[in-house]
Each structure stands twice: as C-alpha cells, then as structure tokens.
$ cat entry-v9.cif   # mmCIF, C-alpha atoms
data_entry
#
loop_
_atom_site.label_atom_id
_atom_site.label_comp_id
_atom_site.auth_asym_id
_atom_site.auth_seq_id
_atom_site.Cartn_x
_atom_site.Cartn_y
_atom_site.Cartn_z
CA MET A 1 29.87 -38.90 11.32
CA LEU A 2 26.44 -37.53 12.19
CA PRO A 3 26.16 -35.73 15.50
CA PRO A 4 23.86 -37.49 17.96
CA ASN A 5 20.61 -35.91 19.13
CA ARG A 6 20.55 -32.41 17.84
CA PRO A 7 18.98 -29.96 20.27
CA ALA A 8 15.40 -29.08 19.41
CA ASP A 9 16.09 -25.44 18.64
CA ASP A 10 19.00 -26.17 16.32
CA VAL A 11 18.80 -26.02 12.55
CA VAL A 12 17.42 -29.26 11.14
CA ARG A 13 18.46 -30.15 7.60
CA ALA A 14 15.55 -31.63 5.71
CA ASP A 15 15.69 -32.94 2.15
CA HIS A 16 14.70 -29.60 0.76
CA GLY A 17 16.77 -27.24 2.89
CA PRO A 18 17.10 -25.82 6.36
CA ARG A 19 14.18 -25.60 8.74
CA LEU A 20 14.44 -23.34 11.74
CA ARG A 21 13.03 -24.39 15.07
CA TYR A 22 12.23 -22.24 18.03
CA GLY A 23 10.47 -24.21 20.75
CA ASP A 24 7.18 -25.33 19.22
CA LEU A 25 7.63 -22.97 16.30
CA VAL A 26 8.97 -24.32 13.00
CA VAL A 27 9.96 -21.91 10.25
CA ASP A 28 10.49 -23.28 6.76
CA PRO A 29 12.06 -20.62 4.51
CA VAL A 30 11.85 -22.84 1.43
CA ALA A 31 8.11 -23.38 1.76
CA PHE A 32 7.68 -19.82 3.08
CA ALA A 33 5.63 -21.30 5.91
CA ALA A 34 5.75 -21.16 9.70
CA ARG A 35 3.88 -23.48 12.04
CA TYR A 36 3.18 -23.42 15.75
CA ARG A 37 2.50 -26.95 17.09
CA GLY A 38 1.71 -27.94 13.53
CA LYS A 39 -0.76 -25.10 12.98
CA LEU A 40 0.08 -22.87 10.04
CA LEU A 41 0.58 -19.22 10.95
CA ASN A 42 -1.23 -16.73 8.76
CA LEU A 43 1.74 -14.55 7.82
CA ARG A 44 2.28 -12.01 5.09
CA PRO A 45 5.71 -11.93 3.43
CA ASN A 46 7.22 -9.19 5.62
CA GLU A 47 5.99 -10.82 8.83
CA PHE A 48 7.43 -14.12 7.68
CA ARG A 49 10.79 -12.55 6.77
CA LEU A 50 11.03 -10.92 10.19
CA LEU A 51 10.14 -14.15 12.01
CA ALA A 52 12.69 -16.15 10.00
CA PHE A 53 15.35 -13.52 10.66
CA PHE A 54 14.69 -13.50 14.41
CA VAL A 55 14.59 -17.29 14.73
CA ALA A 56 17.88 -17.53 12.80
CA ASN A 57 19.47 -14.88 15.06
CA PRO A 58 18.21 -15.31 18.65
CA ASP A 59 19.54 -13.37 21.66
CA ARG A 60 20.68 -10.38 19.64
CA VAL A 61 19.05 -7.00 19.85
CA PHE A 62 18.44 -5.64 16.36
CA SER A 63 17.85 -1.98 15.68
CA ARG A 64 14.84 -1.06 13.61
CA ALA A 65 17.22 0.00 10.80
CA ALA A 66 18.83 -3.45 10.81
CA LEU A 67 15.43 -5.11 10.74
CA ILE A 68 14.35 -2.96 7.77
CA GLU A 69 17.49 -4.16 5.97
CA SER A 70 16.54 -7.76 6.86
CA LEU A 71 13.31 -7.20 4.93
CA GLY A 72 15.43 -6.33 1.90
CA LYS A 73 14.53 -2.64 2.11
CA ASP A 74 16.69 0.47 2.29
CA SER A 75 16.73 1.75 5.88
CA ASP A 76 17.73 5.24 4.71
CA LEU A 77 14.43 5.58 2.90
CA ILE A 78 11.97 3.62 5.00
CA ASP A 79 10.58 4.97 8.26
CA GLU A 80 11.36 2.99 11.39
CA ARG A 81 7.63 2.64 12.06
CA THR A 82 7.72 -0.01 9.33
CA VAL A 83 9.25 -2.38 11.87
CA ASP A 84 6.59 -1.65 14.48
CA VAL A 85 3.87 -2.21 11.89
CA TRP A 86 5.23 -5.57 10.84
CA THR A 87 6.24 -6.85 14.31
CA GLY A 88 2.75 -5.86 15.47
CA ARG A 89 1.23 -7.97 12.74
CA LEU A 90 3.63 -10.83 13.46
CA ARG A 91 2.70 -10.84 17.14
CA ARG A 92 -0.99 -10.87 16.24
CA ALA A 93 -0.52 -13.82 13.88
CA LEU A 94 1.30 -15.75 16.61
CA ARG A 95 -1.38 -14.92 19.16
CA GLU A 96 -4.09 -16.15 16.78
CA GLN A 97 -2.57 -19.63 16.91
CA GLY A 98 -2.02 -19.53 20.66
CA ALA A 99 1.74 -19.06 20.43
CA PRO A 100 3.45 -17.06 23.19
CA ASP A 101 5.00 -13.74 22.15
CA PRO A 102 8.68 -14.53 21.53
CA LEU A 103 9.74 -10.93 20.88
CA ARG A 104 10.99 -8.51 23.49
CA THR A 105 10.95 -4.80 22.74
CA VAL A 106 14.09 -3.10 24.04
CA ARG A 107 13.35 0.55 24.58
CA ALA A 108 15.28 2.86 22.25
CA GLN A 109 17.22 -0.15 20.91
CA GLY A 110 14.96 -2.40 18.92
CA TYR A 111 13.75 -5.97 19.22
CA VAL A 112 15.24 -9.25 20.41
CA LEU A 113 14.11 -12.86 20.30
CA ASP A 114 15.13 -14.47 23.58
CA SER A 115 16.23 -18.08 23.22
CA ILE A 116 14.21 -20.68 25.09
CA GLU A 117 15.84 -22.09 28.23
CA SER A 118 16.25 -25.84 27.92
CA MET B 1 8.74 11.42 -11.40
CA LYS B 2 5.05 11.46 -12.23
CA VAL B 3 2.04 11.83 -9.99
CA VAL B 4 -1.19 9.92 -10.61
CA ALA B 5 -4.20 11.10 -8.63
CA CYS B 6 -7.20 8.87 -7.97
CA TYR B 7 -10.01 11.28 -7.43
CA SER B 8 -13.76 11.27 -7.23
CA VAL B 9 -16.28 13.65 -5.71
CA LYS B 10 -18.48 10.66 -4.92
CA GLY B 11 -17.49 8.14 -2.26
CA GLY B 12 -17.90 4.37 -2.52
CA VAL B 13 -16.99 4.17 -6.20
CA GLY B 14 -13.90 2.01 -5.75
CA LYS B 15 -11.42 4.85 -5.62
CA SER B 16 -9.09 3.45 -2.95
CA THR B 17 -9.31 -0.01 -4.49
CA LEU B 18 -8.20 1.47 -7.79
CA ALA B 19 -5.41 3.52 -6.17
CA ALA B 20 -4.00 0.48 -4.36
CA ASN B 21 -4.15 -1.67 -7.49
CA LEU B 22 -2.58 0.98 -9.70
CA ALA B 23 0.24 1.61 -7.23
CA TRP B 24 0.93 -2.11 -7.14
CA ALA B 25 0.86 -2.27 -10.96
CA SER B 26 3.34 0.60 -11.20
CA ALA B 27 5.77 -1.08 -8.79
CA THR B 28 5.34 -4.61 -10.10
CA LEU B 29 4.41 -4.46 -13.78
CA SER B 30 6.41 -1.33 -14.65
CA SER B 31 9.16 -1.92 -12.05
CA ARG B 32 8.85 1.70 -10.94
CA SER B 33 9.74 2.73 -7.40
CA THR B 34 6.29 3.76 -6.29
CA LEU B 35 4.66 5.47 -3.35
CA LEU B 36 0.98 5.22 -2.54
CA TRP B 37 0.32 8.44 -0.67
CA ASP B 38 -2.94 7.89 1.17
CA LEU B 39 -4.58 11.25 1.72
CA ASP B 40 -8.00 9.85 2.62
CA PRO B 41 -8.27 9.85 6.43
CA GLN B 42 -10.24 6.61 6.27
CA GLY B 43 -7.00 4.93 5.19
CA SER B 44 -8.62 2.38 2.87
CA GLY B 45 -5.85 2.52 0.28
CA SER B 46 -3.19 1.71 2.89
CA TYR B 47 -5.42 -0.95 4.45
CA LEU B 48 -5.82 -2.73 1.13
CA LEU B 49 -2.03 -3.00 0.86
CA GLY B 50 -1.79 -4.53 4.34
CA ILE B 51 -0.92 -1.39 6.30
CA ASP B 52 -3.12 -0.52 9.28
CA ARG B 53 -4.00 3.09 9.96
CA PRO B 54 -1.46 4.49 12.47
CA ALA B 55 -2.79 6.07 15.65
CA GLY B 56 -0.73 9.27 15.54
CA SER B 57 -0.90 12.45 13.49
CA GLU B 58 2.21 12.11 11.35
CA ALA B 59 0.18 12.14 8.14
CA LEU B 60 -0.77 15.77 8.72
CA ALA B 61 2.68 16.76 10.02
CA VAL B 62 4.14 16.07 6.56
CA PHE B 63 2.34 19.20 5.29
CA ALA B 64 4.06 21.48 7.79
CA HIS B 65 7.23 21.62 5.68
CA ALA B 66 7.77 22.49 2.05
CA GLU B 67 9.92 19.41 1.51
CA ALA B 68 9.41 15.85 2.63
CA ALA B 69 12.90 15.16 3.94
CA ARG B 70 11.99 11.95 5.75
CA PRO B 71 8.33 11.18 5.22
CA PRO B 72 7.03 8.39 7.47
CA VAL B 73 6.70 5.79 4.71
CA ILE B 74 6.00 2.15 5.47
CA ALA B 75 7.42 -0.64 3.32
CA THR B 76 4.82 -3.01 1.90
CA ASP B 77 5.19 -6.70 1.14
CA TRP B 78 6.03 -5.94 -2.46
CA PRO B 79 9.35 -4.72 -3.86
CA ARG B 80 9.51 -1.05 -4.87
CA LEU B 81 6.12 -0.29 -3.27
CA ASP B 82 5.87 1.93 -0.18
CA VAL B 83 2.90 3.54 1.49
CA LEU B 84 2.60 6.88 3.21
CA PRO B 85 -0.37 5.87 5.33
CA ALA B 86 -3.31 8.04 6.25
CA ASP B 87 -4.38 8.68 9.79
CA ARG B 88 -7.25 10.60 11.35
CA SER B 89 -5.23 13.84 11.45
CA LEU B 90 -5.87 14.19 7.72
CA TYR B 91 -9.43 15.28 8.52
CA GLU B 92 -7.70 18.60 9.28
CA ALA B 93 -5.63 18.67 6.08
CA ALA B 94 -7.85 20.97 4.04
CA GLY B 95 -8.05 23.47 6.89
CA LEU B 96 -4.31 23.41 7.47
CA LEU B 97 -3.52 23.88 3.78
CA ALA B 98 -5.99 26.76 3.50
CA LYS B 99 -4.44 28.39 6.57
CA LEU B 100 -0.91 27.97 5.22
CA GLY B 101 -1.97 29.66 1.99
CA LYS B 102 0.54 27.63 0.00
CA LYS B 103 -1.43 26.48 -3.01
CA ARG B 104 1.35 24.26 -4.30
CA ARG B 105 2.43 22.71 -0.99
CA LEU B 106 1.43 19.18 -2.01
CA ALA B 107 2.97 19.64 -5.47
CA ARG B 108 6.24 20.79 -3.85
CA LEU B 109 6.15 17.85 -1.46
CA THR B 110 5.66 15.30 -4.23
CA GLN B 111 8.44 16.96 -6.26
CA SER B 112 10.75 16.74 -3.25
CA LEU B 113 10.26 12.95 -3.38
CA ALA B 114 11.33 12.73 -7.03
CA GLY B 115 14.76 11.38 -6.07
CA ARG B 116 13.16 8.45 -4.27
CA TYR B 117 10.11 7.57 -6.31
CA GLU B 118 9.39 7.41 -10.02
CA ARG B 119 5.63 7.25 -9.51
CA ILE B 120 3.46 8.64 -6.74
CA VAL B 121 -0.19 7.57 -6.60
CA LEU B 122 -2.37 9.90 -4.56
CA ASP B 123 -5.50 8.45 -2.99
CA CYS B 124 -7.61 11.57 -2.46
CA PRO B 125 -10.71 11.71 -0.23
CA PRO B 126 -14.06 12.30 -2.00
CA VAL B 127 -14.19 16.02 -1.30
CA LEU B 128 -14.01 19.32 -3.16
CA ASN B 129 -11.84 21.48 -0.94
CA GLU B 130 -8.30 22.81 -0.57
CA LEU B 131 -6.86 19.30 -0.26
CA SER B 132 -8.47 18.07 -3.48
CA SER B 133 -7.40 21.31 -5.22
CA GLN B 134 -3.82 20.61 -4.21
CA VAL B 135 -4.11 17.01 -5.39
CA LEU B 136 -5.38 18.15 -8.80
CA ARG B 137 -2.56 20.71 -9.00
CA ALA B 138 0.11 18.12 -8.14
CA ALA B 139 -1.15 15.48 -10.57
CA ASP B 140 0.25 14.57 -13.98
CA ALA B 141 -2.79 12.37 -14.61
CA ILE B 142 -6.15 12.37 -12.88
CA VAL B 143 -7.92 9.01 -12.76
CA VAL B 144 -11.61 9.42 -11.96
CA PRO B 145 -13.40 6.18 -11.06
CA LEU B 146 -17.11 6.22 -11.85
CA THR B 147 -19.95 3.82 -11.31
CA ALA B 148 -21.59 3.05 -14.61
CA SER B 149 -24.75 5.08 -14.06
CA PRO B 150 -26.17 8.43 -15.17
CA LEU B 151 -25.35 9.81 -11.70
CA ALA B 152 -21.66 9.08 -12.25
CA GLU B 153 -21.56 11.44 -15.19
CA ARG B 154 -22.77 14.19 -12.92
CA GLY B 155 -19.86 13.46 -10.57
CA LEU B 156 -17.44 13.67 -13.48
CA ALA B 157 -19.06 16.90 -14.66
CA ASP B 158 -18.43 18.36 -11.20
CA VAL B 159 -14.74 17.45 -11.39
CA LEU B 160 -14.37 18.89 -14.89
CA GLU B 161 -16.22 22.06 -13.97
CA HIS B 162 -14.04 22.48 -10.88
CA LEU B 163 -10.91 22.03 -12.99
CA ARG B 164 -12.10 24.54 -15.57
CA ARG B 165 -12.94 27.13 -12.98
CA HIS B 166 -9.97 26.78 -10.66
CA HIS B 167 -7.13 25.22 -12.55
CA GLY B 168 -7.03 26.58 -16.06
CA SER B 169 -4.64 24.15 -17.68
CA HIS B 170 -4.73 20.89 -15.80
CA ALA B 171 -3.53 17.32 -16.09
CA PRO B 172 -5.46 14.97 -18.37
CA VAL B 173 -8.54 13.41 -16.81
CA LEU B 174 -9.06 9.70 -17.29
CA PRO B 175 -12.57 8.48 -16.40
CA VAL B 176 -12.76 4.79 -15.52
CA PHE B 177 -15.87 2.66 -15.05
CA ALA B 178 -15.01 1.02 -11.74
CA MET B 179 -17.27 -1.67 -10.30
CA TYR B 180 -18.68 -2.37 -13.75
CA ASP B 181 -21.28 -5.13 -14.06
CA GLY B 182 -22.08 -5.93 -17.70
CA ARG B 183 -25.22 -7.90 -16.67
CA ARG B 184 -26.89 -4.70 -15.53
CA LYS B 185 -28.61 -2.79 -18.27
CA LEU B 186 -27.79 0.62 -16.82
CA HIS B 187 -24.10 -0.28 -16.67
CA ALA B 188 -24.12 -1.57 -20.24
CA ASP B 189 -25.94 1.55 -21.40
CA ALA B 190 -23.47 3.84 -19.64
CA ARG B 191 -20.59 1.98 -21.20
CA GLU B 192 -22.15 2.19 -24.63
CA ALA B 193 -22.29 5.95 -24.24
CA HIS B 194 -18.54 6.04 -23.50
CA PRO B 195 -16.93 3.00 -25.10
CA GLU B 196 -13.51 4.67 -24.90
CA TRP B 197 -13.50 4.72 -21.08
CA PRO B 198 -11.63 1.81 -19.49
CA VAL B 199 -13.59 -0.68 -17.43
CA VAL B 200 -12.71 -2.49 -14.22
CA PRO B 201 -15.28 -5.22 -13.66
CA MET B 202 -17.14 -5.56 -10.41
CA SER B 203 -16.40 -9.02 -9.07
CA SER B 204 -16.19 -10.97 -5.87
CA ILE B 205 -12.42 -11.07 -6.46
CA VAL B 206 -12.22 -7.28 -6.15
CA GLU B 207 -14.37 -7.37 -3.03
CA ARG B 208 -12.08 -10.00 -1.54
CA MET B 209 -9.23 -7.46 -1.58
CA ALA B 210 -10.59 -6.11 1.68
CA VAL B 211 -10.15 -9.56 3.26
CA SER B 212 -6.86 -10.61 1.68
CA ARG B 213 -5.51 -7.06 1.88
CA MET B 214 -3.55 -7.56 -1.30
CA PRO B 215 -3.90 -6.14 -4.80
CA VAL B 216 -6.15 -8.21 -7.06
CA ALA B 217 -3.31 -9.37 -9.27
CA ALA B 218 -1.31 -10.54 -6.24
CA PHE B 219 -3.91 -13.14 -5.19
CA ALA B 220 -5.94 -13.66 -8.37
CA PRO B 221 -3.47 -12.97 -11.20
CA GLY B 222 -5.58 -14.71 -13.84
CA SER B 223 -8.81 -12.88 -13.04
CA ALA B 224 -10.59 -10.51 -15.38
CA ALA B 225 -10.19 -7.75 -12.79
CA ALA B 226 -6.41 -8.25 -12.65
CA GLU B 227 -6.26 -8.12 -16.43
CA ALA B 228 -8.34 -4.93 -16.47
CA ILE B 229 -6.01 -3.28 -13.94
CA ARG B 230 -3.00 -4.31 -16.02
CA ARG B 231 -4.48 -2.79 -19.18
CA LEU B 232 -5.57 0.36 -17.35
CA TRP B 233 -2.14 0.85 -15.83
CA GLN B 234 -0.39 0.28 -19.16
CA GLY B 235 -2.56 2.99 -20.68
CA ILE B 236 -1.73 5.41 -17.87
CA GLU B 237 1.96 4.52 -17.92
CA SER B 238 2.33 5.01 -21.67
CA ARG B 239 0.63 8.37 -21.35
CA LEU B 240 2.94 9.38 -18.49
CA ALA B 241 6.04 8.14 -20.25
CA SER B 242 5.22 9.99 -23.47
CA GLY B 243 4.65 13.13 -21.38
CA GLY B 244 8.39 13.15 -20.62
#

$ encode --input "entry-v9.cif" --output "structure tokens"
Amino acid sequence: MLPPNRPADDVVRADHGPRLRYGDLVVDPVAFAARYRGKLLNLRPNEFRLLAFFVANPDRVFSRAALIESLGKDSDLIDERTVDVWTGRLRRALREQGAPDPLRTVRAQGYVLDSIES
Amino acid sequence: MKVVACYSVKGGVGKSTLAANLAWASATLSSRSTLLWDLDPQGSGSYLLGIDRPAGSEALAVFAHAEAARPPVIATDWPRLDVLPADRSLYEAAGLLAKLGKKRRLARLTQSLAGRYERIVLDCPPVLNELSSQVLRAADAIVVPLTASPLAERGLADVLEHLRRHHGSHAPVLPVFAMYDGRRKLHADAREAHPEWPVVPMSSIVERMAVSRMPVAAFAPGSAAAEAIRRLWQGIESRLASGG
C-alpha cells in the first residue's frame, strides 16, 4: 500500500530514480541537476555532489575530511580548504538564484544542513 | 613521477591556458594522478580549472620546507586532477628562494610528491629569475608556448640562451605555437619556418575557457583546439614515458 501524502522534504521516487527535496530546492542526482523554485542552479560537479550529499543527510555535522570523501576524493591527500572552496562556490550558486543559504558552518567541526521546520 | 613546466618569458601567450589543458589531459586522457602547481601569482591556471585564488599566503609557505608533507592542494571537478593554487604571496617567491640559497628547493619539493602524483605540471610566471630557474631545474620537459610571430622566436631564444648559460644539461624544450590563427599571414609564415612545432589553434572555444572555467576538451570535446591539446599531450607523454 502506498503511504499517503509524503512530506515535502522526503525522498520522492520518480520514474527515473530518487529526487531529493529540501524546501523549495529539488536535487536530481540522475539528471545531475538542482533547481530552486524551478530555476536551474549553475553548479559544477563538486558543488553538486556536496549539495546532494547534504540534502540526503540533513541535521548531521560533517567534518571537512568526511565531506572530501563524499566528493570521492582521498581526505589523506586533499587539503581541507577544498571543502571551503567548494561550499563557497555552492553558496554563491544558491545566492544567484535567490535561494537562502542552507549551510551552517560549525566552528572547528565542519558543516551542517539544518532541516527545515514544518 | 615527471614534471612538465609551462614556461615563457613573454606574458599573454596562452601559457596558463596550455598548463591547465595539459594537466587535464594528463589526468583524463593518460589516467595519471596529476597536480597542476600554479606558481604564477595571478593564479590563471587554477582559475581556469575552477579554483579561485585563495586569500592567504600558503602558496609561498610551501617553499619554507624541503619536503611537501601536506601541501595545500585543492581537488578539482575531475578525477585524478588536483591543483596547488597560486596566491599573491608568490610575488615574493623568487626573493625567498634566492635568500634560502637552495637552488634545487622546487626540484626537491616536486620529488617529495612523487608518491602522490605521477605528473606535475608547473605553471610558471613569465619571468627570468630564481623562481623560473628552479622551475627549469625541476622540469623533465619544458613546454614553451609562443605566438606565431617573429617576436616569439626572440622569446624562445631568450629561454634557450638562459638554459645554456645557467643550466648546462637541461630538460628538452618543446616550443608550441599557442593561439595560432592560420588565416593570418604572419602566423602561417612562422609555422612554415617551424613545421615540426605543434600548434594549438586560436579559437573562440579556447577563449571561452575563461568563462566556463573548464579545460577545452571538457566542454568542447569535438573542437579542433581539444584535438590539438590531445595530440600535444600524447607527444609530451610518449616523450616522458620513454625517458623512464
């Protein structure tokens, strides 16, 4: 039996795979595209990977090392500034389309995406 | 591990564009773990691979030690391709290296990264000083981009003269006609004089790299410029591989 009325920020199964929703933000890993209120975000691959990872794992603080691993890179080799570079670009891309900044920097810990209160 | 230096005494000849494209080709076409080490304080090579110039002075701090234990490398969008970005502190690099008096500091540093990278592409600023000397000493191949004009040959002559005077035996020098436009008579004439030098055509696609901030082959894989980069890299790679 299908569950009634999925919450908006839950995973929605479309024909072609999972789509992640976060408020007005929709992330489609299959199409490698993210939209805010229907407007396509101008994201490079690493920015997209980070956004998809955060939206799939809200309310958890991730260390920079963990986020480097989420990009498919080796955190022993890559400097932690990588994360700041790519989150900076992600925030800029969101801002360009008028989206609020969903990321919270936790000093000395990393980054977290706070879930939206319903 | 092999080091490829992109070097020119003249600025504005497409040196950083070439360095970024060659680093991408190494990582993508040859599947080599590759580092683009951006030594030009303007940071164009890093910029073209999507990495903004950092505000700090970590780029210069790398030279303080004989080994690069944990260099501040940034991962790019492409597998196997990292960037050690430039920042403004590199304007002091030549002075620092001269003061240290370690003529092989950069060569030691690149060697210390041999366990992590198979290819290191150095984007060197258009200068003749202690930094460029160290770049030429560290290199296994020296790619010299030239505009196809009589003036370019003078730039190449300066590089060769510098190598003769200061480096004795040095890595092979590979001149490349960058920004080549076959419709211009001067360009065609210059090419005719050196038909053996590889050519990377000047095109709007190459110029668009600065907007897309991706290597040519990543956003225009079928273009003549992408094909030229592929051929150029294959030539460099086969030379490096046969060198052991």

$ residues_around --input "entry-v9.cif" --residues "B:Leu96" --least-positions-apart "4" --cutoff "12 Å" --atoms "only C-alpha atoms" --output "list of chain:residue names"
B:Leu60, B:Ala61, B:Val62, B:Phe63, B:Ala64, B:His65, B:Ser89, B:Leu90, B:Tyr91, B:Glu92, B:Leu100, B:Gly101, B:Lys102, B:Lys103, B:Arg105, B:Leu106, B:Asn129, B:Glu130, B:Leu131

$ interface_residues --input "entry-v9.cif" --of "chain A" --to "chain B" --cutoff "12 Å" --atoms "all atoms listed in the file" --output "PyMOL selection string"
chain A and resi 42-50+67-69+71-86+88-89

$ residues_around --input "entry-v9.cif" --residues "A:Arg37" --least-positions-apart "5" --cutoff "9 Å" --atoms "all atoms listed in the file" --output "list in words"
Asp24, Leu25, Val26, Gln97 and Ala99 of chain A

$ residues_around --input "entry-v9.cif" --residues "B:Glu153" --least-positions-apart "4" --cutoff "12 Å" --atoms "only C-alpha atoms" --output "VMD selection string"
chain B and resid 8 to 10 144 to 149 157 to 161 175 to 177 190 to 191 193 to 194

$ atom_distance --input "entry-v9.cif" --atom1 "atom CA of B:Leu35" --atom2 "atom CA of B:Val135"
14.6 Å

$ atom_distance --input "entry-v9.cif" --atom1 "atom CA of B:Met209" --atom2 "atom CA of B:Pro125"
19.3 Å

$ atom_distance --input "entry-v9.cif" --atom1 "atom CA of B:Asp123" --atom2 "atom CA of A:Ser70"
29.1 Å

$ residues_around --input "entry-v9.cif" --residues "A:Ala56" --least-positions-apart "5" --cutoff "12 Å" --atoms "only C-alpha atoms" --output "ChimeraX atom specification"
/A:9-12,18-22,26-29,49-51,70,112-115

$ resolve_selection --input "entry-v9.cif" --expression "the PyMOL selection byres ((chain B and resi 210) around 10)" --output "tab-separated table (two decimals) with C-alpha atoms, in the frame of the given file"
chain	number	residue	atom	x	y	z
B	17	THR	CA	-9.31	-0.01	-4.49
B	44	SER	CA	-8.62	2.38	2.87
B	45	GLY	CA	-5.85	2.52	0.28
B	47	TYR	CA	-5.42	-0.95	4.45
B	48	LEU	CA	-5.82	-2.73	1.13
B	49	LEU	CA	-2.03	-3.00	0.86
B	50	GLY	CA	-1.79	-4.53	4.34
B	205	ILE	CA	-12.42	-11.07	-6.46
B	206	VAL	CA	-12.22	-7.28	-6.15
B	207	GLU	CA	-14.37	-7.37	-3.03
B	208	ARG	CA	-12.08	-10.00	-1.54
B	209	MET	CA	-9.23	-7.46	-1.58
B	211	VAL	CA	-10.15	-9.56	3.26
B	212	SER	CA	-6.86	-10.61	1.68
B	213	ARG	CA	-5.51	-7.06	1.88
B	214	MET	CA	-3.55	-7.56	-1.30
B	215	PRO	CA	-3.90	-6.14	-4.80

$ residues_around --input "entry-v9.cif" --residues "A:Leu41" --least-positions-apart "5" --cutoff "9 Å" --atoms "all atoms listed in the file" --output "list in words"
Ala33, Ala34, Arg35, Tyr36, Ala93, Leu94, Glu96 and Gln97 of chain A

$ resolve_selection --input "entry-v9.cif" --expression "the PyMOL selection byres ((chain B and resi 137) around 8)" --output "ChimeraX atom specification"
/B:104,107,133-136,138-139,167,170-171

$ write_last_selection --input "entry-v9.cif" --atoms "C-alpha atoms" --output "mmCIF file, in the coordinates of the input"
data_model
loop_
_atom_site.group_PDB
_atom_site.id
_atom_site.type_symbol
_atom_site.label_atom_id
_atom_site.label_comp_id
_atom_site.auth_asym_id
_atom_site.auth_seq_id
_atom_site.Cartn_x
_atom_site.Cartn_y
_atom_site.Cartn_z
ATOM 1 C CA ARG B 104 1.350 24.260 -4.300
ATOM 2 C CA ALA B 107 2.970 19.640 -5.470
ATOM 3 C CA SER B 133 -7.400 21.310 -5.220
ATOM 4 C CA GLN B 134 -3.820 20.610 -4.210
ATOM 5 C CA VAL B 135 -4.110 17.010 -5.390
ATOM 6 C CA LEU B 136 -5.380 18.150 -8.800
ATOM 7 C CA ALA B 138 0.110 18.120 -8.140
ATOM 8 C CA ALA B 139 -1.150 15.480 -10.570
ATOM 9 C CA HIS B 167 -7.130 25.220 -12.550
ATOM 10 C CA HIS B 170 -4.730 20.890 -15.800
ATOM 11 C CA ALA B 171 -3.530 17.320 -16.090
#

$ resolve_selection --input "entry-v9.cif" --expression "the PyMOL selection byres ((chain A and resi 61) around 9)" --output "NGL selection string"
:A and (58-60 or 62-63 or 104-106 or 109-113)
